[in-house]
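Structure first, commentary second.
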Amino acid sequence: MTKDKNKKTRRTKKSYRFSAQEVAELVGCSVSYVKKLRAGVVAKDSPMAQKVLTVDQVADDSNSLLLNKLKGIIKNK
């Protein structure tokens, strides 16, 4: 796998609302997969990648009801 800078989704670590571990738990993948996806190392077109990107995108929508539910799910695990 080569790094494609045109497909890079990475932002600064602090700009993600959920850590890679939290996102991995939500979507059912490995932490390393989330980190690689955010860094642009793996392709964004797989179904699992779309789940990860959706969680990151929803989390960007600040204090939505869905975001609060996701936080509750993570804390209860």
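Residue numbers start at 1 in each chain; chains themselves are named A, B, ... in the order of the structure tokens; ligands are numbered from 1 in the order shown.
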**Request:** Can you pull out every residue within 8 Å of range 50-59 of chain A, counting only C-alpha atoms, but drop anything in the same chain fewer than 4 positions away, and send it as number ranges by chain?
**Result:** A: 16-18, 23-24, 27, 34, 44-46, 66-67
Selection to disk with C-alpha atoms, as a PDB file, in the first residue's frame:
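The resulting file, again20.pdb, is reproduced below:
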ATOM      1  CA  TYR A  16     -10.974  14.421  15.662  1.00  0.00           C
ATOM      2  CA  ARG A  17     -13.805  14.223  18.163  1.00  0.00           C
ATOM      3  CA  PHE A  18     -13.348  10.466  18.671  1.00  0.00           C
ATOM      4  CA  VAL A  23     -14.107   4.798  16.205  1.00  0.00           C
ATOM      5  CA  ALA A  24     -12.739   1.269  15.825  1.00  0.00           C
ATOM      6  CA  VAL A  27     -17.575   0.332  13.510  1.00  0.00           C
ATOM      7  CA  VAL A  34      -8.665   3.719  11.454  1.00  0.00           C
ATOM      8  CA  LYS A  44     -11.450   5.158   1.128  1.00  0.00           C
ATOM      9  CA  ASP A  45     -13.806   3.220  -1.127  1.00  0.00           C
ATOM     10  CA  SER A  46     -14.330   0.053   0.931  1.00  0.00           C
ATOM     11  CA  LEU A  66     -26.576  11.250  17.392  1.00  0.00           C
ATOM     12  CA  LEU A  67     -23.170  12.325  18.670  1.00  0.00           C
TER      13      LEU A  67
END
**Item:** Shortest interatomic distance to Leu26 in chain A - which of A:Ile74, A:Asn68, A:Ala43, A:Met48, counting only C-alpha atoms
**Value:**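 The closest residue to Leu26 in chain A is A:Ile74.
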**Asked** Counting only C-alpha atoms, what is within 10 Å of Glu25 in chain A, bar same-chain residues fewer than 5 positions away, as a list in words?
**Response**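 The filter keeps Ala20, Ser30, Val31, Ile73, Ile74 and Lys77 of chain A.
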**Item:** Pairwise distance for CA of Glu22 in chain A and CA of Lys75 in chain A, rounded to one decimal in Å
**Value:**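 Here the two named atoms are 9.5 Å from each other.
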**Request:** Mind giving me the straight-line distance from CA of Tyr33 in chain A to CA of Lys71 in chain A in Å, one decimal?
**Result:**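 Value for the CA of Tyr33 in chain A-CA of Lys71 in chain A distance: 20.7 Å.
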